[in-house]
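J.: Quick one, start34.pdb (PDB, C-alpha atoms and all ligand atoms):
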```pdb
ATOM      1  CA  MET A 155     -90.483 -15.188 -18.289  1.00  0.00           C
ATOM      2  CA  THR A 156     -91.023 -17.435 -21.263  1.00  0.00           C
ATOM      3  CA  ILE A 157     -93.815 -19.861 -22.047  1.00  0.00           C
ATOM      4  CA  HIS A 158     -92.046 -22.754 -20.318  1.00  0.00           C
ATOM      5  CA  ILE A 159     -89.607 -21.071 -17.914  1.00  0.00           C
ATOM      6  CA  GLY A 160     -91.113 -18.866 -15.221  1.00  0.00           C
ATOM      7  CA  ALA A 161     -87.810 -17.215 -14.245  1.00  0.00           C
ATOM      8  CA  GLU A 162     -86.911 -13.540 -14.464  1.00  0.00           C
ATOM      9  CA  LYS A 163     -84.190 -12.605 -16.938  1.00  0.00           C
ATOM     10  CA  GLY A 164     -81.318 -12.452 -14.462  1.00  0.00           C
ATOM     11  CA  ASP A 165     -82.359 -15.651 -12.701  1.00  0.00           C
ATOM     12  CA  ILE A 166     -80.642 -17.974 -15.181  1.00  0.00           C
ATOM     13  CA  ALA A 167     -76.851 -18.349 -15.227  1.00  0.00           C
ATOM     14  CA  GLU A 168     -74.769 -18.462 -18.417  1.00  0.00           C
ATOM     15  CA  THR A 169     -73.843 -22.048 -17.515  1.00  0.00           C
ATOM     16  CA  VAL A 170     -76.710 -24.522 -17.405  1.00  0.00           C
ATOM     17  CA  LEU A 171     -76.650 -28.211 -16.506  1.00  0.00           C
ATOM     18  CA  MET A 172     -79.581 -30.097 -17.981  1.00  0.00           C
ATOM     19  CA  PRO A 173     -80.674 -33.433 -16.492  1.00  0.00           C
ATOM     20  CA  GLY A 174     -83.687 -35.026 -18.135  1.00  0.00           C
ATOM     21  CA  ASP A 175     -85.421 -35.603 -14.808  1.00  0.00           C
ATOM     22  CA  PRO A 176     -86.514 -32.440 -12.934  1.00  0.00           C
ATOM     23  CA  TYR A 177     -86.053 -34.218  -9.578  1.00  0.00           C
ATOM     24  CA  ARG A 178     -82.448 -34.822 -10.543  1.00  0.00           C
ATOM     25  CA  ALA A 179     -82.133 -31.057 -11.007  1.00  0.00           C
ATOM     26  CA  LYS A 180     -83.417 -30.627  -7.434  1.00  0.00           C
ATOM     27  CA  TRP A 181     -81.083 -33.315  -6.076  1.00  0.00           C
ATOM     28  CA  ALA A 182     -78.033 -31.868  -7.867  1.00  0.00           C
ATOM     29  CA  ALA A 183     -78.828 -28.316  -6.742  1.00  0.00           C
ATOM     30  CA  GLU A 184     -79.269 -29.446  -3.116  1.00  0.00           C
ATOM     31  CA  ASN A 185     -76.081 -31.515  -3.111  1.00  0.00           C
ATOM     32  CA  PHE A 186     -73.647 -29.521  -5.267  1.00  0.00           C
ATOM     33  CA  LEU A 187     -74.659 -25.838  -5.291  1.00  0.00           C
ATOM     34  CA  GLN A 188     -74.433 -23.219  -2.574  1.00  0.00           C
ATOM     35  CA  ASP A 189     -77.354 -20.836  -2.039  1.00  0.00           C
ATOM     36  CA  ALA A 190     -79.469 -22.668  -4.628  1.00  0.00           C
ATOM     37  CA  ARG A 191     -82.925 -21.281  -5.191  1.00  0.00           C
ATOM     38  CA  LEU A 192     -85.818 -22.503  -7.283  1.00  0.00           C
ATOM     39  CA  VAL A 193     -86.136 -20.404 -10.452  1.00  0.00           C
ATOM     40  CA  ASN A 194     -88.624 -22.479 -12.426  1.00  0.00           C
ATOM     41  CA  GLU A 195     -91.437 -24.863 -11.667  1.00  0.00           C
ATOM     42  CA  VAL A 196     -93.668 -24.411 -14.711  1.00  0.00           C
ATOM     43  CA  ARG A 197     -95.070 -27.862 -15.590  1.00  0.00           C
ATOM     44  CA  GLY A 198     -92.976 -29.265 -12.731  1.00  0.00           C
ATOM     45  CA  MET A 199     -89.818 -28.896 -14.844  1.00  0.00           C
ATOM     46  CA  LEU A 200     -87.732 -27.718 -11.912  1.00  0.00           C
ATOM     47  CA  GLY A 201     -84.824 -25.316 -12.373  1.00  0.00           C
ATOM     48  CA  TYR A 202     -82.434 -23.998  -9.704  1.00  0.00           C
ATOM     49  CA  THR A 203     -79.726 -21.341  -9.740  1.00  0.00           C
ATOM     50  CA  GLY A 204     -76.895 -21.255  -7.227  1.00  0.00           C
ATOM     51  CA  ASN A 205     -73.120 -21.170  -6.948  1.00  0.00           C
ATOM     52  CA  TRP A 206     -70.425 -23.742  -7.394  1.00  0.00           C
ATOM     53  CA  ASN A 207     -66.899 -22.718  -6.279  1.00  0.00           C
ATOM     54  CA  GLY A 208     -67.886 -19.082  -6.781  1.00  0.00           C
ATOM     55  CA  HIS A 209     -69.369 -19.630 -10.251  1.00  0.00           C
ATOM     56  CA  ARG A 210     -73.067 -19.079 -11.017  1.00  0.00           C
ATOM     57  CA  VAL A 211     -74.815 -22.180 -12.340  1.00  0.00           C
ATOM     58  CA  THR A 212     -78.367 -23.090 -13.275  1.00  0.00           C
ATOM     59  CA  ILE A 213     -79.558 -26.693 -13.198  1.00  0.00           C
ATOM     60  CA  GLN A 214     -82.706 -26.992 -15.311  1.00  0.00           C
ATOM     61  CA  GLY A 215     -84.610 -30.180 -16.162  1.00  0.00           C
ATOM     62  CA  SER A 216     -85.008 -30.823 -19.891  1.00  0.00           C
ATOM     63  CA  GLY A 217     -87.635 -33.546 -19.860  1.00  0.00           C
ATOM     64  CA  MET A 218     -87.262 -36.673 -21.958  1.00  0.00           C
ATOM     65  CA  GLY A 219     -86.620 -36.642 -25.692  1.00  0.00           C
ATOM     66  CA  MET A 220     -85.421 -34.065 -28.180  1.00  0.00           C
ATOM     67  CA  PRO A 221     -88.727 -32.144 -28.602  1.00  0.00           C
ATOM     68  CA  SER A 222     -88.828 -31.457 -24.858  1.00  0.00           C
ATOM     69  CA  LEU A 223     -85.137 -30.596 -24.564  1.00  0.00           C
ATOM     70  CA  SER A 224     -85.465 -28.341 -27.614  1.00  0.00           C
ATOM     71  CA  ILE A 225     -88.101 -26.192 -25.904  1.00  0.00           C
ATOM     72  CA  TYR A 226     -85.962 -25.610 -22.807  1.00  0.00           C
ATOM     73  CA  ALA A 227     -82.667 -25.163 -24.667  1.00  0.00           C
ATOM     74  CA  ASN A 228     -84.213 -22.689 -27.127  1.00  0.00           C
ATOM     75  CA  GLU A 229     -85.640 -20.566 -24.320  1.00  0.00           C
ATOM     76  CA  LEU A 230     -82.485 -20.803 -22.176  1.00  0.00           C
ATOM     77  CA  ILE A 231     -80.296 -19.674 -25.073  1.00  0.00           C
ATOM     78  CA  ARG A 232     -82.532 -17.176 -26.879  1.00  0.00           C
ATOM     79  CA  ASP A 233     -84.373 -15.577 -23.977  1.00  0.00           C
ATOM     80  CA  PHE A 234     -82.082 -16.058 -20.979  1.00  0.00           C
ATOM     81  CA  GLY A 235     -78.627 -15.827 -22.584  1.00  0.00           C
ATOM     82  CA  ALA A 236     -77.297 -19.281 -21.668  1.00  0.00           C
ATOM     83  CA  LYS A 237     -73.886 -19.855 -23.260  1.00  0.00           C
ATOM     84  CA  THR A 238     -72.710 -23.233 -21.940  1.00  0.00           C
ATOM     85  CA  LEU A 239     -75.214 -26.104 -21.800  1.00  0.00           C
ATOM     86  CA  ILE A 240     -74.244 -29.507 -20.477  1.00  0.00           C
ATOM     87  CA  ARG A 241     -76.624 -32.420 -20.563  1.00  0.00           C
ATOM     88  CA  ILE A 242     -76.183 -34.813 -17.641  1.00  0.00           C
ATOM     89  CA  GLY A 243     -78.129 -38.008 -18.065  1.00  0.00           C
ATOM     90  CA  SER A 244     -78.233 -41.726 -18.500  1.00  0.00           C
ATOM     91  CA  CYS A 245     -77.795 -43.867 -21.559  1.00  0.00           C
ATOM     92  CA  GLY A 246     -77.982 -47.477 -22.649  1.00  0.00           C
ATOM     93  CA  GLY A 247     -74.590 -49.055 -23.417  1.00  0.00           C
ATOM     94  CA  MET A 248     -74.129 -50.483 -26.923  1.00  0.00           C
ATOM     95  CA  GLN A 249     -70.561 -51.874 -26.978  1.00  0.00           C
ATOM     96  CA  PRO A 250     -69.099 -54.774 -24.982  1.00  0.00           C
ATOM     97  CA  GLN A 251     -66.331 -52.590 -23.494  1.00  0.00           C
ATOM     98  CA  VAL A 252     -68.935 -50.120 -22.183  1.00  0.00           C
ATOM     99  CA  LYS A 253     -69.936 -51.232 -18.666  1.00  0.00           C
ATOM    100  CA  LEU A 254     -72.692 -50.158 -16.286  1.00  0.00           C
ATOM    101  CA  ARG A 255     -71.724 -46.942 -14.374  1.00  0.00           C
ATOM    102  CA  ASP A 256     -69.139 -45.988 -17.016  1.00  0.00           C
ATOM    103  CA  VAL A 257     -69.181 -42.405 -18.242  1.00  0.00           C
ATOM    104  CA  ILE A 258     -69.610 -41.600 -21.926  1.00  0.00           C
ATOM    105  CA  LEU A 259     -68.699 -38.186 -23.313  1.00  0.00           C
ATOM    106  CA  ALA A 260     -70.604 -37.791 -26.560  1.00  0.00           C
ATOM    107  CA  MET A 261     -68.324 -36.449 -29.278  1.00  0.00           C
ATOM    108  CA  THR A 262     -71.165 -36.592 -31.795  1.00  0.00           C
ATOM    109  CA  ALA A 263     -74.719 -37.922 -31.949  1.00  0.00           C
ATOM    110  CA  THR A 264     -76.405 -39.844 -34.759  1.00  0.00           C
ATOM    111  CA  THR A 265     -80.167 -39.501 -35.255  1.00  0.00           C
ATOM    112  CA  VAL A 266     -83.004 -40.635 -37.450  1.00  0.00           C
ATOM    113  CA  GLY A 267     -84.369 -37.134 -37.062  1.00  0.00           C
ATOM    114  CA  SER A 268     -84.493 -34.286 -34.576  1.00  0.00           C
ATOM    115  CA  PRO A 269     -86.674 -31.197 -34.133  1.00  0.00           C
ATOM    116  CA  SER A 270     -84.043 -29.392 -36.256  1.00  0.00           C
ATOM    117  CA  HIS A 271     -84.033 -32.032 -38.990  1.00  0.00           C
ATOM    118  CA  SER A 272     -86.366 -30.244 -41.400  1.00  0.00           C
ATOM    119  CA  ILE A 273     -84.269 -27.081 -41.727  1.00  0.00           C
ATOM    120  CA  PHE A 274     -81.335 -29.061 -43.133  1.00  0.00           C
ATOM    121  CA  LYS A 275     -83.385 -30.484 -46.039  1.00  0.00           C
ATOM    122  CA  GLU A 276     -81.107 -32.950 -47.877  1.00  0.00           C
ATOM    123  CA  LEU A 277     -78.164 -32.316 -45.553  1.00  0.00           C
ATOM    124  CA  ASN A 278     -77.203 -34.734 -42.807  1.00  0.00           C
ATOM    125  CA  PHE A 279     -75.819 -32.251 -40.306  1.00  0.00           C
ATOM    126  CA  ALA A 280     -73.244 -33.773 -37.933  1.00  0.00           C
ATOM    127  CA  PRO A 281     -73.892 -32.370 -34.437  1.00  0.00           C
ATOM    128  CA  SER A 282     -70.742 -32.257 -32.360  1.00  0.00           C
ATOM    129  CA  ALA A 283     -69.673 -31.453 -28.816  1.00  0.00           C
ATOM    130  CA  ASP A 284     -67.682 -28.366 -27.924  1.00  0.00           C
ATOM    131  CA  TRP A 285     -64.020 -29.342 -27.876  1.00  0.00           C
ATOM    132  CA  SER A 286     -63.022 -27.268 -24.825  1.00  0.00           C
ATOM    133  CA  LEU A 287     -65.799 -28.852 -22.761  1.00  0.00           C
ATOM    134  CA  LEU A 288     -65.084 -32.324 -24.083  1.00  0.00           C
ATOM    135  CA  GLN A 289     -61.392 -32.070 -23.308  1.00  0.00           C
ATOM    136  CA  ALA A 290     -61.985 -30.653 -19.811  1.00  0.00           C
ATOM    137  CA  ALA A 291     -64.637 -33.272 -19.027  1.00  0.00           C
ATOM    138  CA  ALA A 292     -62.291 -36.070 -20.120  1.00  0.00           C
ATOM    139  CA  GLN A 293     -59.621 -34.698 -17.774  1.00  0.00           C
ATOM    140  CA  ALA A 294     -62.135 -34.407 -14.906  1.00  0.00           C
ATOM    141  CA  ALA A 295     -63.363 -37.968 -15.495  1.00  0.00           C
ATOM    142  CA  GLU A 296     -59.830 -39.358 -15.550  1.00  0.00           C
ATOM    143  CA  THR A 297     -59.249 -38.179 -11.964  1.00  0.00           C
ATOM    144  CA  ARG A 298     -62.214 -40.288 -10.781  1.00  0.00           C
ATOM    145  CA  ASP A 299     -62.857 -43.947 -10.307  1.00  0.00           C
ATOM    146  CA  VAL A 300     -65.028 -44.280 -13.403  1.00  0.00           C
ATOM    147  CA  GLY A 301     -64.572 -46.006 -16.743  1.00  0.00           C
ATOM    148  CA  LEU A 302     -64.445 -43.339 -19.462  1.00  0.00           C
ATOM    149  CA  HIS A 303     -65.430 -43.587 -23.129  1.00  0.00           C
ATOM    150  CA  VAL A 304     -65.376 -40.754 -25.657  1.00  0.00           C
ATOM    151  CA  GLY A 305     -67.062 -41.184 -29.021  1.00  0.00           C
ATOM    152  CA  GLY A 306     -70.309 -41.258 -30.947  1.00  0.00           C
ATOM    153  CA  ILE A 307     -73.705 -41.896 -29.412  1.00  0.00           C
ATOM    154  CA  TYR A 308     -77.197 -42.410 -30.825  1.00  0.00           C
ATOM    155  CA  SER A 309     -79.937 -39.890 -29.941  1.00  0.00           C
ATOM    156  CA  SER A 310     -83.064 -41.963 -30.445  1.00  0.00           C
ATOM    157  CA  ASP A 311     -86.715 -40.890 -30.524  1.00  0.00           C
ATOM    158  CA  THR A 312     -87.925 -44.108 -28.951  1.00  0.00           C
ATOM    159  CA  PHE A 313     -87.206 -45.778 -25.644  1.00  0.00           C
ATOM    160  CA  TYR A 314     -89.480 -48.725 -26.471  1.00  0.00           C
ATOM    161  CA  ASP A 315     -87.781 -49.446 -29.712  1.00  0.00           C
ATOM    162  CA  GLU A 316     -89.409 -51.290 -32.613  1.00  0.00           C
ATOM    163  CA  ARG A 317     -86.378 -51.059 -34.923  1.00  0.00           C
ATOM    164  CA  PRO A 318     -83.696 -53.439 -33.650  1.00  0.00           C
ATOM    165  CA  ASP A 319     -82.098 -53.300 -37.109  1.00  0.00           C
ATOM    166  CA  LEU A 320     -81.115 -49.671 -36.488  1.00  0.00           C
ATOM    167  CA  ASN A 321     -79.496 -50.578 -33.178  1.00  0.00           C
ATOM    168  CA  GLU A 322     -77.578 -53.336 -34.946  1.00  0.00           C
ATOM    169  CA  GLN A 323     -76.132 -50.795 -37.365  1.00  0.00           C
ATOM    170  CA  MET A 324     -75.249 -48.467 -34.492  1.00  0.00           C
ATOM    171  CA  VAL A 325     -73.445 -51.285 -32.662  1.00  0.00           C
ATOM    172  CA  ARG A 326     -71.688 -52.316 -35.869  1.00  0.00           C
ATOM    173  CA  HIS A 327     -70.459 -48.759 -36.415  1.00  0.00           C
ATOM    174  CA  GLY A 328     -69.005 -48.367 -32.929  1.00  0.00           C
ATOM    175  CA  ILE A 329     -71.716 -46.191 -31.373  1.00  0.00           C
ATOM    176  CA  LEU A 330     -71.098 -46.268 -27.617  1.00  0.00           C
ATOM    177  CA  GLY A 331     -74.587 -45.742 -26.230  1.00  0.00           C
ATOM    178  CA  VAL A 332     -78.148 -44.584 -26.802  1.00  0.00           C
ATOM    179  CA  GLU A 333     -80.046 -41.718 -25.181  1.00  0.00           C
ATOM    180  CA  MET A 334     -82.695 -39.312 -26.412  1.00  0.00           C
ATOM    181  CA  GLU A 335     -81.538 -35.667 -26.244  1.00  0.00           C
ATOM    182  CA  ALA A 336     -77.923 -34.816 -27.142  1.00  0.00           C
ATOM    183  CA  ALA A 337     -78.175 -34.358 -30.922  1.00  0.00           C
ATOM    184  CA  GLU A 338     -80.707 -31.548 -30.655  1.00  0.00           C
ATOM    185  CA  LEU A 339     -78.727 -29.845 -27.886  1.00  0.00           C
ATOM    186  CA  TYR A 340     -75.565 -29.905 -30.025  1.00  0.00           C
ATOM    187  CA  THR A 341     -77.441 -28.615 -33.066  1.00  0.00           C
ATOM    188  CA  LEU A 342     -78.962 -25.690 -31.165  1.00  0.00           C
ATOM    189  CA  ALA A 343     -75.594 -24.857 -29.611  1.00  0.00           C
ATOM    190  CA  ALA A 344     -74.049 -24.757 -33.093  1.00  0.00           C
ATOM    191  CA  ARG A 345     -76.859 -22.517 -34.380  1.00  0.00           C
ATOM    192  CA  TYR A 346     -76.507 -19.995 -31.565  1.00  0.00           C
ATOM    193  CA  GLN A 347     -72.698 -20.165 -31.049  1.00  0.00           C
ATOM    194  CA  CYS A 348     -72.955 -21.780 -27.628  1.00  0.00           C
ATOM    195  CA  ARG A 349     -70.897 -24.552 -26.064  1.00  0.00           C
ATOM    196  CA  ALA A 350     -72.571 -27.910 -25.451  1.00  0.00           C
ATOM    197  CA  LEU A 351     -71.646 -31.340 -24.161  1.00  0.00           C
ATOM    198  CA  ALA A 352     -73.475 -34.485 -23.055  1.00  0.00           C
ATOM    199  CA  VAL A 353     -72.019 -36.340 -20.062  1.00  0.00           C
ATOM    200  CA  LEU A 354     -73.795 -39.685 -19.748  1.00  0.00           C
ATOM    201  CA  THR A 355     -73.635 -42.601 -17.357  1.00  0.00           C
ATOM    202  CA  VAL A 356     -74.493 -46.065 -18.518  1.00  0.00           C
ATOM    203  CA  SER A 357     -77.649 -47.106 -16.642  1.00  0.00           C
ATOM    204  CA  ASP A 358     -78.508 -50.173 -18.712  1.00  0.00           C
ATOM    205  CA  HIS A 359     -77.029 -52.216 -21.522  1.00  0.00           C
ATOM    206  CA  LEU A 360     -78.772 -53.002 -24.775  1.00  0.00           C
ATOM    207  CA  VAL A 361     -76.547 -55.953 -25.635  1.00  0.00           C
ATOM    208  CA  THR A 362     -76.174 -57.647 -22.234  1.00  0.00           C
ATOM    209  CA  GLY A 363     -79.596 -56.624 -20.847  1.00  0.00           C
ATOM    210  CA  GLU A 364     -78.061 -55.548 -17.483  1.00  0.00           C
ATOM    211  CA  ALA A 365     -79.425 -52.528 -15.578  1.00  0.00           C
ATOM    212  CA  LEU A 366     -78.046 -50.457 -12.687  1.00  0.00           C
ATOM    213  CA  PRO A 367     -79.851 -50.802  -9.341  1.00  0.00           C
ATOM    214  CA  SER A 368     -81.419 -47.494  -8.289  1.00  0.00           C
ATOM    215  CA  GLU A 369     -79.077 -46.836  -5.305  1.00  0.00           C
ATOM    216  CA  GLN A 370     -76.052 -46.984  -7.649  1.00  0.00           C
ATOM    217  CA  ARG A 371     -77.706 -44.603 -10.095  1.00  0.00           C
ATOM    218  CA  GLU A 372     -77.456 -41.797  -7.554  1.00  0.00           C
ATOM    219  CA  ARG A 373     -73.708 -42.286  -7.083  1.00  0.00           C
ATOM    220  CA  SER A 374     -73.152 -42.298 -10.849  1.00  0.00           C
ATOM    221  CA  PHE A 375     -75.265 -39.204 -11.158  1.00  0.00           C
ATOM    222  CA  GLY A 376     -73.071 -37.406  -8.590  1.00  0.00           C
ATOM    223  CA  ASP A 377     -69.940 -38.232 -10.623  1.00  0.00           C
ATOM    224  CA  MET A 378     -71.578 -36.732 -13.683  1.00  0.00           C
ATOM    225  CA  VAL A 379     -72.557 -33.504 -11.940  1.00  0.00           C
ATOM    226  CA  GLU A 380     -68.966 -33.027 -10.729  1.00  0.00           C
ATOM    227  CA  ILE A 381     -67.489 -33.805 -14.141  1.00  0.00           C
ATOM    228  CA  ALA A 382     -69.895 -31.360 -15.794  1.00  0.00           C
ATOM    229  CA  LEU A 383     -69.181 -28.566 -13.292  1.00  0.00           C
ATOM    230  CA  GLU A 384     -65.413 -29.034 -13.503  1.00  0.00           C
ATOM    231  CA  ALA A 385     -65.581 -29.012 -17.309  1.00  0.00           C
ATOM    232  CA  ALA A 386     -67.766 -25.902 -17.437  1.00  0.00           C
ATOM    233  CA  PHE A 387     -65.325 -23.829 -15.395  1.00  0.00           C
ATOM    234  CA  ALA A 388     -61.977 -25.392 -16.378  1.00  0.00           C
TER     235      ALA A 388
HETATM  236  N1  LIG B   1     -82.703 -46.069 -24.775  1.00  0.00           N
HETATM  237  C1  LIG B   1     -82.893 -44.755 -24.875  1.00  0.00           C
HETATM  238  N2  LIG B   1     -82.545 -43.912 -23.934  1.00  0.00           N
HETATM  239  C2  LIG B   1     -81.981 -44.415 -22.813  1.00  0.00           C
HETATM  240  C3  LIG B   1     -81.770 -45.764 -22.656  1.00  0.00           C
HETATM  241  C4  LIG B   1     -82.142 -46.628 -23.681  1.00  0.00           C
HETATM  242  O1  LIG B   1     -81.967 -47.849 -23.596  1.00  0.00           O
HETATM  243  N3  LIG B   1     -81.215 -45.961 -21.424  1.00  0.00           N
HETATM  244  C5  LIG B   1     -81.094 -44.741 -20.869  1.00  0.00           C
HETATM  245  N4  LIG B   1     -81.548 -43.804 -21.703  1.00  0.00           N
END
```
Would you mind writing the file's structure down as structure tokens?
Ligand code: HPA

T.:
Amino acid sequence: MTIHIGAEKGDIAETVLMPGDPYRAKWAAENFLQDARLVNEVRGMLGYTGNWNGHRVTIQGSGMGMPSLSIYANELIRDFGAKTLIRIGSCGGMQPQVKLRDVILAMTATTVGSPSHSIFKELNFAPSADWSLLQAAAQAAETRDVGLHVGGIYSSDTFYDERPDLNEQMVRHGILGVEMEAAELYTLAARYQCRALAVLTVSDHLVTGEALPSEQRERSFGDMVEIALEAAFA
């Protein structure tokens, strides 16, 4: 048991999917895992461990934002031995070719800062996805009826943003979408020699102002879970 994860040591699998929303962890475990059981409910941040095609998998909520994700990813890696961590979540589209429901695989993630920022001092560390996961996820996505984009994203600290000038620079430099967690996940994975990837569906669009109706969010979320599981065990 750790401060934030009430599981026993062997309760967490080496492969962990991390949705931001703990109820998404419950939904994914109920719909995609066999023999799933609840392994964490501290602070309502639900985590489940079960099997997918004979492979052990944990699905653990990360909460919103890099400070929250950092707590769970640190404990999963350092205390429970997680080796492959895949964020599954939503993002806001930032390019005209990026449509609602499309899937973005984040090759790298730009930030203003992250919980890890201070240790790098004057360095601007470039967090990047694990290539084997990225490649396998791209292949898994290509077999589905989803638009696929692979490239840079922006891991922001603010959902209610007061700096539109930063978004303008992101758009200008080809950033595909904005979310709030991937950069810290990639940085922790690099520090502890783990594999990490963020698989994101576009739930809203910063440029067009469109947003996905809630019933379509569930379908998109299912695509992401399957892409993440196929990539993890490719
Ligand atoms: N901003 C930040 N995170 C997000 C957004 C957004 O517009 N949409 C989904 N996650």

J.: Could you give me, as JSON, numbers by chain, the residues within 7 Å of region 292-308 of chain A, counting only C-alpha atoms and dropping anything in the same chain fewer than 5 positions from it?

T.: {"A": [256, 257, 258, 259, 260, 261, 262, 263, 264, 265, 329, 330, 331, 332, 333, 381, 384, 385]}

J.: Generate the output file for the selected residues, C-alpha atoms, as a PDB file, in the frame of the given file.

T.:
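Below is the file again.pdb, written as the result:
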```pdb
ATOM      1  CA  ASP A 256     -69.139 -45.988 -17.016  1.00  0.00           C
ATOM      2  CA  VAL A 257     -69.181 -42.405 -18.242  1.00  0.00           C
ATOM      3  CA  ILE A 258     -69.610 -41.600 -21.926  1.00  0.00           C
ATOM      4  CA  LEU A 259     -68.699 -38.186 -23.313  1.00  0.00           C
ATOM      5  CA  ALA A 260     -70.604 -37.791 -26.560  1.00  0.00           C
ATOM      6  CA  MET A 261     -68.324 -36.449 -29.278  1.00  0.00           C
ATOM      7  CA  THR A 262     -71.165 -36.592 -31.795  1.00  0.00           C
ATOM      8  CA  ALA A 263     -74.719 -37.922 -31.949  1.00  0.00           C
ATOM      9  CA  THR A 264     -76.405 -39.844 -34.759  1.00  0.00           C
ATOM     10  CA  THR A 265     -80.167 -39.501 -35.255  1.00  0.00           C
ATOM     11  CA  ILE A 329     -71.716 -46.191 -31.373  1.00  0.00           C
ATOM     12  CA  LEU A 330     -71.098 -46.268 -27.617  1.00  0.00           C
ATOM     13  CA  GLY A 331     -74.587 -45.742 -26.230  1.00  0.00           C
ATOM     14  CA  VAL A 332     -78.148 -44.584 -26.802  1.00  0.00           C
ATOM     15  CA  GLU A 333     -80.046 -41.718 -25.181  1.00  0.00           C
ATOM     16  CA  ILE A 381     -67.489 -33.805 -14.141  1.00  0.00           C
ATOM     17  CA  GLU A 384     -65.413 -29.034 -13.503  1.00  0.00           C
ATOM     18  CA  ALA A 385     -65.581 -29.012 -17.309  1.00  0.00           C
TER      19      ALA A 385
END
```

J.: Tell me which of A:Leu366, A:Cys348, A:Met378, A:Ala283 sits closest to ligand LIG 1 (chain B), counting all atoms listed in the file.

T.: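 With all atoms listed in the file as the atom set, the closest residue is A:Leu366.
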
J.: Let me make sure I understand: among A:Glu322, A:Asn207, A:Arg255, A:Ala280, which one has the smallest atom-to-atom distance to Ser368 (chain A) if we use all atoms listed in the file?

T.: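 For Ser368 (chain A), the nearest of the candidates is A:Arg255.
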
J.: Between A:Ile213, A:Ile273, A:Glu184, A:Tyr226, which residue has the minimum interatomic distance to Arg197 (chain A), considering all atoms listed in the file?

T.: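 For Arg197 (chain A), the nearest of the candidates is A:Tyr226.
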
J.: Using the chain letters and residue numbers of this document, give as a PDB file with C-alpha atoms, keeping the file's coordinate frame the residues selected by the PyMOL selection byres (((chain A and resi 161) around 12) and not hetatm).

T.:
```
ATOM      1  CA  MET A 155     -90.483 -15.188 -18.289  1.00  0.00           C
ATOM      2  CA  THR A 156     -91.023 -17.435 -21.263  1.00  0.00           C
ATOM      3  CA  ILE A 157     -93.815 -19.861 -22.047  1.00  0.00           C
ATOM      4  CA  HIS A 158     -92.046 -22.754 -20.318  1.00  0.00           C
ATOM      5  CA  ILE A 159     -89.607 -21.071 -17.914  1.00  0.00           C
ATOM      6  CA  GLY A 160     -91.113 -18.866 -15.221  1.00  0.00           C
ATOM      7  CA  GLU A 162     -86.911 -13.540 -14.464  1.00  0.00           C
ATOM      8  CA  LYS A 163     -84.190 -12.605 -16.938  1.00  0.00           C
ATOM      9  CA  GLY A 164     -81.318 -12.452 -14.462  1.00  0.00           C
ATOM     10  CA  ASP A 165     -82.359 -15.651 -12.701  1.00  0.00           C
ATOM     11  CA  ILE A 166     -80.642 -17.974 -15.181  1.00  0.00           C
ATOM     12  CA  ALA A 167     -76.851 -18.349 -15.227  1.00  0.00           C
ATOM     13  CA  ARG A 191     -82.925 -21.281  -5.191  1.00  0.00           C
ATOM     14  CA  LEU A 192     -85.818 -22.503  -7.283  1.00  0.00           C
ATOM     15  CA  VAL A 193     -86.136 -20.404 -10.452  1.00  0.00           C
ATOM     16  CA  ASN A 194     -88.624 -22.479 -12.426  1.00  0.00           C
ATOM     17  CA  GLU A 195     -91.437 -24.863 -11.667  1.00  0.00           C
ATOM     18  CA  VAL A 196     -93.668 -24.411 -14.711  1.00  0.00           C
ATOM     19  CA  MET A 199     -89.818 -28.896 -14.844  1.00  0.00           C
ATOM     20  CA  LEU A 200     -87.732 -27.718 -11.912  1.00  0.00           C
ATOM     21  CA  GLY A 201     -84.824 -25.316 -12.373  1.00  0.00           C
ATOM     22  CA  TYR A 202     -82.434 -23.998  -9.704  1.00  0.00           C
ATOM     23  CA  THR A 203     -79.726 -21.341  -9.740  1.00  0.00           C
ATOM     24  CA  THR A 212     -78.367 -23.090 -13.275  1.00  0.00           C
ATOM     25  CA  GLN A 214     -82.706 -26.992 -15.311  1.00  0.00           C
ATOM     26  CA  GLU A 229     -85.640 -20.566 -24.320  1.00  0.00           C
ATOM     27  CA  LEU A 230     -82.485 -20.803 -22.176  1.00  0.00           C
ATOM     28  CA  ASP A 233     -84.373 -15.577 -23.977  1.00  0.00           C
ATOM     29  CA  PHE A 234     -82.082 -16.058 -20.979  1.00  0.00           C
TER      30      PHE A 234
END
```

J.: Per residue of chain A within 7 Å of ligand LIG 1 (chain B), what are the shortest atom pair and its distance in Å to one decimal, counting only C-alpha atoms and all ligand atoms, with rows by chain and residue number, as CSV?

T.:
```
residue,atom,partner,partner_atom,distance
A:Ser244,CA,B:LIG1,C5,4.8
A:Cys245,CA,B:LIG1,C5,3.5
A:Gly246,CA,B:LIG1,N3,3.8
A:Ser310,CA,B:LIG1,C1,6.2
A:Thr312,CA,B:LIG1,C1,6.5
A:Phe313,CA,B:LIG1,C1,4.5
A:Val332,CA,B:LIG1,C1,5.1
A:Glu333,CA,B:LIG1,N2,3.6
A:Met334,CA,B:LIG1,N2,5.2
A:Ser357,CA,B:LIG1,C5,5.9
A:Asp358,CA,B:LIG1,N3,5.7
A:His359,CA,B:LIG1,O1,6.9
A:Leu360,CA,B:LIG1,O1,6.2
```

J.: Between A:Val356, A:Ile242, A:Val211, A:Ala386, which residue has the minimum interatomic distance to Gln289 (chain A), considering all atoms listed in the file?

T.: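 Smallest separation from Gln289 (chain A) among the options: A:Ala386.
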
J.: What separation in Å, quoted to one decimal, exists between CA of Leu223 (chain A) and CA of Leu351 (chain A)?

T.: 13.5 Å

J.: Nearest residue to Leu339 (chain A) out of A:Asn185, A:Gln249, A:Thr355, A:Ser222, using all atoms listed in the file?

T.: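 Ranking A:Asn185, A:Gln249, A:Thr355, A:Ser222 by distance to Leu339 (chain A), first place goes to A:Ser222.
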